[in-house]
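Report on the structure given below.
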Amino acid sequence: DNLKPDDFTNLRKLGEGAAGIVWKVMHNPSQRVMAKKTISVEPDPTVQRQILRELSFLRSCESPFIVSFYGAFLDDGETTIAICMEYCEGGSLEDIYLQAKRMEAVIGETILAKLAEAVCKGLSHLHSHNVIHRDIKPSNILMTRDGHFKLCDLGVSGELINSMAQTFTGTQYYMAPERIKGGTYSVRSDIWSLGLSIIEVGQNRPALPPAELPHMTVFELLDYIVHQPMPNLGEDRSPECRDFILKCLIKDPLERPGPEVMVNHPFIQKWAHLTNDITPWLKQVWGWP
Ligand code: ATP
Ligand code: MG
C-alpha cells in the first residue's frame, strides 16, 4: 500500500451513512480523483492490522461490475480507517431515484434490466471468489459517468463488520429471511436484496415497510419479511420484470436462484442485445451537458 493520509485533498463531501463519511478527494501524487470513505474502528492496533489485511483482498476482486479498490490505510488519529476507491460520478442508485422523484419521473424498464444484469454479473464474479456482498441496496450500487453500474461496500472484512457492529444502527430492510432466522447465508441472500432494490428504484421509494403498514417496529418488520408475501412492482411493469422480482424474493434460499441462473432470466435477456447506451438518460437525470 502506498496511499498516505497526507497525499489527499478533500474536494467535496459525497455523502454520509451509518458507518462513515464519503469524500470526493484528489490523490495529489497521482492526480487521480478518488472516493475516500472513513470508518471509525476500535483503537486496537491488532484489530486494525487485521482489517487492513482483509480489505487488501479487494484488490483481487477486480471486475467491470465492482468499484475499483485503490487502497486502505489508518487515517488521522488512531480510530479511523480510510478506504479509497474509484469515484463514480453518477452517484448511487439511491441518489438517482431520489433525483428522478424530484423530477416526477419514473425509471424505465431498460434501466432496471441493465441494473439487474450488472448486479447479477458482479455477484457471480464475487461468488467465483467465494465472496458474499452482504449489503446490496440502492446506495451501494453506483453509476459511472459513462453509464455503467458498479457494486461498492463489499463485506470482505469480517473484522471490520465486527468492529462496526457496536456503532451500527443501519436498517435491516434488505435482509433475506434466512439471515433474519440466523441460518447460514450465501450469495442467494444478495439476490433477495437485489429484488427489494429493483422494486425501490422502480417505484422511487423503499419496498419495505409496505405502504399500507408504514409504522412497523423493527421486530414487526423482520417478522413480516420471514412470514408475509413480499411486495412487487405494479401491473404497469412487464410480466418478465415482475417475474424476475418474484424469483429474487423466494423465501426459501434453496429454491431461490443464484446470480448465474438469474442472469439468463428473460427480463435480462430481453434487453441483452442493447449495448449499454444509457448515458443520455443519466445526463438527463443530472442535467449534464
Ligand atoms: P449505509 O450507511 O446505510 O450503508 P450509504 O451506503 O448511503 O448508507 P455510505 O456507504 O457511507 O452510506 O455512502 C454515502 C454516500 O456516498 C452514498 O449514498 C453515495 O451517494 C456516496 N458514495 C459512496 N461511494 C461513492 C463512490 N465510490 N463514488 C461516488 N459516490 C459515492
Ligand atoms: Mg454504502
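Ordered as shown in the C-alpha cells, chains take letters A, B, and onward, while each chain numbers its residues from 1 and ligands are numbered from 1 in the order shown.
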Can you tell me which residues sit at most 9 Å away from ligand 1, counting only C-alpha atoms and all ligand atoms, written as JSON, numbers by chain? {"A": [13, 14, 15, 16, 17, 18, 19, 20, 21, 22, 23, 24, 34, 35, 36, 37, 38, 39, 67, 68, 84, 85, 86, 87, 88, 89, 90, 91, 92, 93, 94, 95, 96, 135, 137, 138, 139, 140, 141, 142, 143, 144, 152, 153, 168, 169, 170, 171]}
Apply DSSP to the structure's backbone, then extract all residues of stretch 1-167 of chain A labelled strand (DSSP E or B) and return them as an MDAnalysis selection string. chainID A and resid 8:16 20:27 32:40 66 69:74 80:86 91:92 141:143 149:151
Can you pull out the residues contacting A:Ser128? Cut-off 12 Å, using only C-alpha atoms, and skip same-chain residues under 4 positions away; I want them as a PyMOL selection string. chain A and resi 60-61+63+121-124+132+187+258-260
Which residues, written as an mmCIF file with N, CA, C and O atoms, in the first residue's frame, have at least one atom at most 7 Å from A:Arg188, with only C-alpha atoms counted and residues fewer than 3 positions away on the same chain left out?
```cif
data_model
loop_
_atom_site.group_PDB
_atom_site.id
_atom_site.type_symbol
_atom_site.label_atom_id
_atom_site.label_comp_id
_atom_site.auth_asym_id
_atom_site.auth_seq_id
_atom_site.Cartn_x
_atom_site.Cartn_y
_atom_site.Cartn_z
ATOM 1 N N ILE A 191 -29.165 -11.937 -3.743
ATOM 2 C CA ILE A 191 -30.203 -11.898 -4.781
ATOM 3 C C ILE A 191 -31.519 -11.389 -4.185
ATOM 4 O O ILE A 191 -32.246 -10.602 -4.796
ATOM 5 N N TRP A 192 -31.817 -11.811 -2.981
ATOM 6 C CA TRP A 192 -33.011 -11.308 -2.280
ATOM 7 C C TRP A 192 -32.951 -9.768 -2.208
ATOM 8 O O TRP A 192 -33.906 -9.077 -2.565
ATOM 9 N N PRO A 253 -34.096 -20.074 0.547
ATOM 10 C CA PRO A 253 -32.871 -19.822 -0.226
ATOM 11 C C PRO A 253 -32.471 -21.004 -1.120
ATOM 12 O O PRO A 253 -31.752 -20.813 -2.097
ATOM 13 N N ARG A 256 -34.479 -20.328 -4.265
ATOM 14 C CA ARG A 256 -34.167 -19.042 -4.903
ATOM 15 C C ARG A 256 -32.939 -19.210 -5.798
ATOM 16 O O ARG A 256 -31.929 -19.741 -5.358
ATOM 17 N N PRO A 257 -33.018 -18.798 -7.082
ATOM 18 C CA PRO A 257 -31.864 -18.990 -7.962
ATOM 19 C C PRO A 257 -30.683 -18.095 -7.565
ATOM 20 O O PRO A 257 -30.861 -17.028 -6.990
ATOM 21 N N GLY A 258 -29.486 -18.534 -7.909
ATOM 22 C CA GLY A 258 -28.286 -17.732 -7.701
ATOM 23 C C GLY A 258 -28.069 -16.790 -8.882
ATOM 24 O O GLY A 258 -28.826 -16.827 -9.861
#
```
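Using only C-alpha atoms, the residues found no farther than 10 Å from A:Val119, other than those of its own chain fewer than 5 positions away, are A:Phe65, A:Ile66, A:Ala113, A:Lys114, A:Ser124, A:His125, A:Ile136, A:Ile141, A:Phe149, A:Lys150, A:Leu151, A:Asp190, A:Ile191, A:Leu194, A:Pro259, A:Val263.
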For N, CA, C and O atoms, I'd like the residues from the last selection saved as a short mmCIF file (atom, residue, chain, number, x, y, z; two decimals), in the first residue's frame.
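Just written: selection_4.cif:
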```
data_model
loop_
_atom_site.label_atom_id
_atom_site.label_comp_id
_atom_site.auth_asym_id
_atom_site.auth_seq_id
_atom_site.Cartn_x
_atom_site.Cartn_y
_atom_site.Cartn_z
N PHE A 65 -17.84 -4.80 -12.95
CA PHE A 65 -19.08 -4.61 -12.20
C PHE A 65 -18.85 -4.30 -10.72
O PHE A 65 -19.80 -4.27 -9.94
N ILE A 66 -17.61 -4.11 -10.36
CA ILE A 66 -17.24 -3.80 -8.97
C ILE A 66 -16.39 -2.53 -8.97
O ILE A 66 -15.49 -2.38 -9.80
N ALA A 113 -33.50 -3.35 -16.04
CA ALA A 113 -32.93 -4.60 -16.56
C ALA A 113 -31.41 -4.54 -16.61
O ALA A 113 -30.72 -5.50 -16.26
N LYS A 114 -30.88 -3.40 -17.05
CA LYS A 114 -29.41 -3.24 -17.11
C LYS A 114 -28.81 -3.25 -15.70
O LYS A 114 -27.72 -3.78 -15.49
N SER A 124 -21.96 -12.85 -9.50
CA SER A 124 -21.34 -14.10 -9.99
C SER A 124 -19.84 -14.02 -9.85
O SER A 124 -19.19 -15.00 -9.47
N HIS A 125 -19.31 -12.84 -10.20
CA HIS A 125 -17.86 -12.67 -10.08
C HIS A 125 -17.41 -12.85 -8.63
O HIS A 125 -16.46 -13.57 -8.35
N ILE A 136 -26.26 -5.44 -0.39
CA ILE A 136 -26.83 -4.95 -1.64
C ILE A 136 -28.04 -4.08 -1.33
O ILE A 136 -28.96 -4.48 -0.63
N ILE A 141 -25.05 0.61 -5.02
CA ILE A 141 -24.91 0.35 -6.46
C ILE A 141 -24.66 1.73 -7.08
O ILE A 141 -25.48 2.63 -6.95
N PHE A 149 -22.96 0.33 -14.25
CA PHE A 149 -23.34 0.10 -12.85
C PHE A 149 -22.23 -0.67 -12.14
O PHE A 149 -21.70 -1.63 -12.70
N LYS A 150 -21.91 -0.28 -10.91
CA LYS A 150 -20.86 -0.97 -10.15
C LYS A 150 -21.25 -1.13 -8.68
O LYS A 150 -21.78 -0.20 -8.08
N LEU A 151 -20.90 -2.28 -8.13
CA LEU A 151 -21.17 -2.53 -6.70
C LEU A 151 -20.07 -1.96 -5.83
O LEU A 151 -18.89 -2.03 -6.19
N ASP A 190 -27.91 -12.21 -1.29
CA ASP A 190 -27.69 -10.96 -2.04
C ASP A 190 -28.74 -10.81 -3.14
O ASP A 190 -29.14 -9.69 -3.48
N ILE A 191 -29.17 -11.94 -3.74
CA ILE A 191 -30.20 -11.90 -4.78
C ILE A 191 -31.52 -11.39 -4.19
O ILE A 191 -32.25 -10.60 -4.80
N LEU A 194 -31.29 -7.76 -3.99
CA LEU A 194 -31.43 -7.19 -5.34
C LEU A 194 -32.91 -7.01 -5.69
O LEU A 194 -33.30 -5.98 -6.24
N PRO A 259 -27.04 -15.95 -8.83
CA PRO A 259 -26.81 -14.94 -9.87
C PRO A 259 -26.52 -15.55 -11.25
O PRO A 259 -26.90 -14.97 -12.27
N VAL A 263 -29.04 -14.36 -14.35
CA VAL A 263 -28.56 -13.55 -15.47
C VAL A 263 -29.17 -14.03 -16.80
O VAL A 263 -29.26 -13.29 -17.77
#
```
Could you list, as a VMD selection string, every residue within 12 Å of A:His227, counting only C-alpha atoms and ignoring same-chain residues fewer than 2 positions away? chain A and resid 176 to 178 180 to 181 220 to 225 229 to 230 250 to 252
For stretch 265-274 of chain A, list every protein, DNA or RNA residue within 8 Å, evaluated using only C-alpha atoms, and leave out those in the same chain fewer than 6 positions away; present the list as a count of residues only. 8
Nearest to ligand 2, chosen from A:Leu154, A:Ala211, A:Val33, A:Val131, with only C-alpha atoms and all ligand atoms counted in the distances: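 Answer, going by the shortest atom-to-atom distance: A:Leu154.
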Separation of atom CA of A:Glu42 and atom CA of A:Thr9, in Å?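 These atoms are spaced 25.2 Å apart.
Atom CA of A:Arg53 is found 16.7 Å from atom CA of A:Glu78.
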Nearest to ligand 2, chosen from A:His133, A:His127, A:Glu54, A:Glu62, with only C-alpha atoms and all ligand atoms counted in the distances: A:His133
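Using only C-alpha atoms, the shortest contact distance between A:Thr46 and any of A:Ile245, A:Leu11, A:Lys4, A:Glu159 is found at A:Glu159.
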How many Å separate atom CA of A:Asn264 from atom CA of A:Cys120?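 We find that atom CA of A:Asn264 and atom CA of A:Cys120 lie 9.7 Å from each other.
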Looking at A:Ile51, A:Ile278, A:Leu3, A:Met26, which one is nearest to A:Ile161, with distances taken over only C-alpha atoms?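 Of A:Ile51, A:Ile278, A:Leu3, A:Met26, the one nearest A:Ile161, counting only C-alpha atoms, is A:Ile51.
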Among A:Pro5, A:Asp75, A:Arg134, A:Ile81, ligand 2 is approached most closely, using only C-alpha atoms and all ligand atoms, by A:Arg134
Determine which residues of stretch 138-249 of chain A receive a DSSP assignment of helix (DSSP H, G or I), computed from the backbone, and state them as a ChimeraX atom specification. /A:138-140,158-165,177-180,187-203,218-227,239-248
